[in-house]
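S.K.: Structure file my_file07.cif (mmCIF, C-alpha atoms) right here:
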```cif
data_coords
loop_
_atom_site.label_atom_id
_atom_site.label_comp_id
_atom_site.auth_asym_id
_atom_site.auth_seq_id
_atom_site.Cartn_x
_atom_site.Cartn_y
_atom_site.Cartn_z
CA MET X 242 154.78 113.37 124.55
CA ALA X 243 155.82 115.88 121.94
CA VAL X 244 154.35 115.76 118.45
CA LEU X 245 157.12 114.85 116.03
CA LYS X 246 156.26 116.73 112.85
CA LEU X 247 158.59 116.41 109.91
CA SER X 248 159.04 116.35 106.19
CA LEU X 249 161.24 113.84 104.37
CA PHE X 250 163.27 114.50 101.27
CA SER X 251 165.03 112.05 99.03
CA ASN X 252 168.74 111.63 99.65
CA ASN X 253 169.54 111.35 95.94
CA PHE X 254 166.92 113.88 94.74
CA PRO X 255 167.22 116.58 97.43
CA ASP X 256 164.53 118.81 95.91
CA PHE X 257 161.97 115.98 96.08
CA PHE X 258 159.93 115.36 99.22
CA ILE X 259 157.62 112.51 100.17
CA ILE X 260 154.11 113.76 99.38
CA ASP X 261 150.58 112.41 99.63
CA HIS X 262 149.05 112.94 96.18
CA ASN X 263 145.37 112.29 96.93
CA GLY X 264 145.86 108.72 98.09
CA LEU X 265 149.07 107.74 96.29
CA VAL X 266 152.39 108.62 97.88
CA ASP X 267 155.28 109.84 95.73
CA ILE X 268 158.32 112.08 95.84
CA ALA X 269 157.93 115.45 94.14
CA LYS X 270 159.17 119.03 94.09
CA MET X 271 157.23 121.39 96.31
CA GLU X 272 155.53 124.01 94.18
CA THR X 273 152.44 125.12 96.09
CA GLU X 274 151.22 125.61 99.63
CA ASP X 275 149.07 122.49 99.17
CA ASP X 276 152.23 120.53 98.25
CA ARG X 277 153.88 121.66 101.48
CA ARG X 278 150.79 120.65 103.46
CA ASN X 279 150.68 117.24 101.78
CA ALA X 280 154.39 116.69 102.49
CA THR X 281 154.14 117.28 106.25
CA PHE X 282 153.84 114.21 108.45
CA GLN X 283 153.87 113.18 112.07
CA TRP X 284 156.07 110.30 113.25
CA THR X 285 154.13 108.42 115.93
CA GLY X 286 157.22 106.83 117.48
CA SER X 287 158.36 108.14 120.86
CA SER X 288 161.41 109.82 119.29
CA LEU X 289 163.33 110.19 116.06
CA ASN X 290 166.08 107.94 117.38
CA PHE X 291 167.00 104.99 115.20
CA GLY X 292 165.33 101.78 116.33
CA GLN X 293 161.99 103.41 117.14
CA LYS X 294 158.75 101.94 115.75
CA GLY X 295 156.03 104.23 114.51
CA MET X 296 153.76 105.31 111.72
CA LEU X 297 153.98 108.24 109.32
CA VAL X 298 150.62 110.03 109.46
CA ARG X 299 149.45 113.27 107.90
CA ALA X 300 150.24 116.17 110.22
CA VAL X 301 148.02 118.61 108.31
CA ALA X 302 144.33 118.25 107.45
CA PRO X 303 142.72 115.99 106.61
CA PRO X 304 143.75 114.00 109.70
CA GLY X 305 143.66 110.24 110.15
CA PHE X 306 145.67 109.17 107.09
CA CYS X 307 148.84 107.06 107.30
CA LEU X 308 151.42 105.78 104.82
CA HIS X 309 150.18 102.24 104.19
CA ILE X 310 151.71 99.37 102.23
CA ALA X 311 149.05 98.39 99.67
CA THR X 312 149.79 94.71 99.06
CA PHE X 313 147.01 94.63 96.45
CA ASP X 314 148.90 97.27 94.40
CA ASN X 315 152.36 95.70 94.13
CA PHE X 316 153.36 97.05 97.58
CA ARG X 317 152.79 100.65 96.47
CA ILE X 318 152.58 103.15 99.32
CA HIS X 319 149.07 104.58 99.62
CA SER X 320 147.65 107.14 101.99
CA LYS X 321 145.07 105.21 104.02
CA PHE X 322 142.34 106.64 106.25
CA PHE X 323 142.86 104.40 109.26
CA THR X 324 141.23 106.26 112.14
CA GLY X 325 137.76 105.74 110.70
CA ILE X 326 138.02 101.95 110.32
CA THR X 327 135.38 100.41 112.58
CA ASP X 328 136.24 96.71 112.19
CA PRO X 329 138.90 96.08 114.87
CA GLN X 330 140.60 93.27 112.91
CA VAL X 331 140.83 95.34 109.73
CA LYS X 332 142.10 98.36 111.68
CA ALA X 333 144.76 96.25 113.42
CA ARG X 334 145.90 94.85 110.04
CA VAL X 335 146.12 98.33 108.49
CA ILE X 336 148.11 99.65 111.47
CA GLU X 337 150.46 96.65 111.29
CA GLU X 338 150.99 97.21 107.55
CA SER X 339 151.63 100.91 108.24
CA THR X 340 154.18 100.58 111.04
CA TYR X 341 157.88 101.05 110.32
CA ILE X 342 161.17 100.92 112.16
CA LEU X 343 163.19 104.10 111.77
CA GLN X 344 166.77 103.04 111.14
CA ALA X 345 170.05 104.39 109.89
CA ALA X 346 170.17 104.20 106.10
CA GLU X 347 172.73 101.67 104.95
CA ILE X 348 174.03 103.89 102.15
CA ASP X 349 174.32 106.93 104.47
CA PRO X 350 174.07 106.08 108.20
CA ASN X 351 173.46 109.74 109.10
CA GLN X 352 170.13 109.60 107.24
CA ALA X 353 166.96 107.54 107.70
CA SER X 354 165.32 104.49 106.21
CA PHE X 355 161.90 103.11 107.12
CA ARG X 356 161.75 99.30 107.35
CA SER X 357 158.35 97.65 107.43
CA VAL X 358 157.45 95.80 110.63
CA LYS X 359 154.97 93.52 108.84
CA PHE X 360 157.31 92.85 105.88
CA PRO X 361 160.80 93.16 107.45
CA ASP X 362 162.66 92.65 104.17
CA ARG X 363 160.95 95.73 102.68
CA PHE X 364 161.82 99.41 103.00
CA ILE X 365 159.99 102.51 101.85
CA ARG X 366 161.80 103.54 98.67
CA HIS X 367 161.09 105.56 95.56
CA ARG X 368 161.08 104.08 92.08
CA GLY X 369 160.07 106.25 89.15
CA PHE X 370 159.19 108.98 91.72
CA GLU X 371 156.52 106.67 93.25
CA LEU X 372 156.86 105.13 96.71
CA PHE X 373 156.87 101.37 97.25
CA ALA X 374 157.83 98.97 100.04
CA GLU X 375 160.49 96.79 98.45
CA PRO X 376 163.63 94.85 99.32
CA VAL X 377 166.79 96.88 98.71
CA ALA X 378 170.25 95.50 97.91
CA THR X 379 172.00 97.39 95.09
CA PRO X 380 173.53 100.84 95.66
CA ASP X 381 170.74 102.46 93.61
CA GLU X 382 168.06 100.69 95.66
CA LEU X 383 169.76 101.59 98.94
CA GLN X 384 170.02 105.21 97.80
CA SER X 385 166.31 105.30 96.92
CA ALA X 386 165.46 104.05 100.43
CA CYS X 387 167.45 106.84 102.09
CA PHE X 388 165.61 109.95 103.28
CA ARG X 389 166.67 113.08 105.10
CA ILE X 390 164.50 114.27 107.96
CA ALA X 391 163.69 117.96 107.62
CA GLN X 392 161.68 120.54 109.48
CA PRO X 393 157.98 120.33 108.59
CA LEU X 394 157.25 122.17 105.35
CA HIS X 395 153.92 123.32 106.76
CA PRO X 396 154.26 124.26 110.44
CA ALA X 397 150.57 125.00 111.14
CA GLU X 398 148.34 122.59 113.03
CA PHE X 399 145.15 121.04 111.70
#
```
Can you turn what I pasted into structure tokens?
M.R.:
Amino acid sequence: MAVLKLSLFSNNFPDFFIIDHNGLVDIAKMETEDDRRNATFQWTGSSLNFGQKGMLVRAVAPPGFCLHIATFDNFRIHSKFFTGITDPQVKARVIEESTYILQAAEIDPNQASFRSVKFPDRFIRHRGFELFAEPVATPDELQSACFRIAQPLHPAEF
């Protein structure tokens, strides 16, 4: 199976990409090589076709981190080191809370939204340039849950 590396930029802020900022996930402009590294992910689904389930994991070192819904932090998206979790129940919970369905964005069906499998009424969206998993209904909310899939900003491997 091919590795599906990508970067994701905001539909309504096209210069802002999803980025792992040392454990908290935001959208931001890319200014440095480190920014480009931290904004490059791997989709673990079998393809980038809508309807696929998968996780968004870091594609550039350090490996083993995924975009996780932190229920303890108002459903903020955190970068979570999941490959090192030794308790099988905890690891299964983290993977479940970090799995999304890739689907056509309601506001722009040519672009992507990521709906939580564990919390099916919640989508990854940006609010105040921070990422959360939240329900979306209004046009502004739907727009903030719409992302464009782009070539990886950092093409190198680990």
S.K.: Using Å and a single decimal, report how far CA of Phe364 in chain X sits from CA of Asn252 in chain X.
M.R.: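 Rounded to one decimal, the two atoms are 14.4 Å apart.
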S.K.: For the structure provided, state which residues fall under the PyMOL selection byres ((chain X and resi 288-302) around 9), and present them as a ChimeraX atom specification.
M.R.: /X:243,245-247,261,278-287,303-309,320,336,339-345,353,358,393,395-399
S.K.: Taking into account all atoms listed in the file, which residue in the set X:Ile310, X:Val331, X:Ile390, X:Val266 is nearest to Arg356 in chain X?
M.R.: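 The answer is X:Ile310, which sits nearest to Arg356 in chain X.
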S.K.: Quick one, how far is CA of Gln352 in chain X from CA of Glu375 in chain X?
M.R.: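 If I compute the distance from CA of Gln352 in chain X to CA of Glu375 in chain X, I get 18.3 Å.
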S.K.: Take the PyMOL selection byres ((chain X and resi 250) around 8), apply it to the structure above, and return the hits as a VMD selection string.
M.R.: chain X and resid 248 to 249 251 to 252 254 to 259 268 388 to 391
S.K.: Could you check how far CA of Asp381 in chain X sits from CA of Lys270 in chain X, in Å to one decimal?
M.R.: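 So the two atoms, CA of Asp381 in chain X and CA of Lys270 in chain X, lie 20.2 Å apart.
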S.K.: Using all atoms listed in the file, which of X:Ser385, X:Thr273, X:Ser357, X:Thr312 sits nearest Glu371 in chain X?
M.R.: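 Looking only at the distances to Glu371 in chain X, the closest residue turns out to be X:Ser385.
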S.K.: Measuring between only C-alpha atoms, which one of X:Val244, X:Ile365, X:Leu394, X:Ala311 shows the shortest distance to Asp276 in chain X?
M.R.: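 Distance minimum relative to Asp276 in chain X lands on X:Leu394.
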S.K.: May I ask which of the residues X:Lys359, X:Phe316, X:Asp267, X:Ser354 is the closest one to Val335 in chain X, counting all atoms listed in the file?
M.R.: X:Lys359
S.K.: I'd like to know which of X:Leu383, X:Ala346, X:Ala269, X:Ile260 is closest to Gly369 in chain X, using all atoms listed in the file.
M.R.: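 Using all atoms listed in the file, Gly369 in chain X sits closest to X:Ala269.
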S.K.: Measuring atom to atom with all atoms listed in the file, identify which of X:Asn315, X:Asn263, X:Asn253, X:Asn351 is nearest to Phe373 in chain X.
M.R.: X:Asn315
S.K.: Please return the centre and edge lengths, in Å to one decimal, of a box with edges along x, y and z that contains all listed atoms of range 365-372 of chain X, widened by 4 Å on every side, as lines of an AutoDock Vina configuration file.
M.R.:
```
center_x = 159.2
center_y = 105.7
center_z = 95.5
size_x = 13.3
size_y = 14.5
size_z = 20.7
```
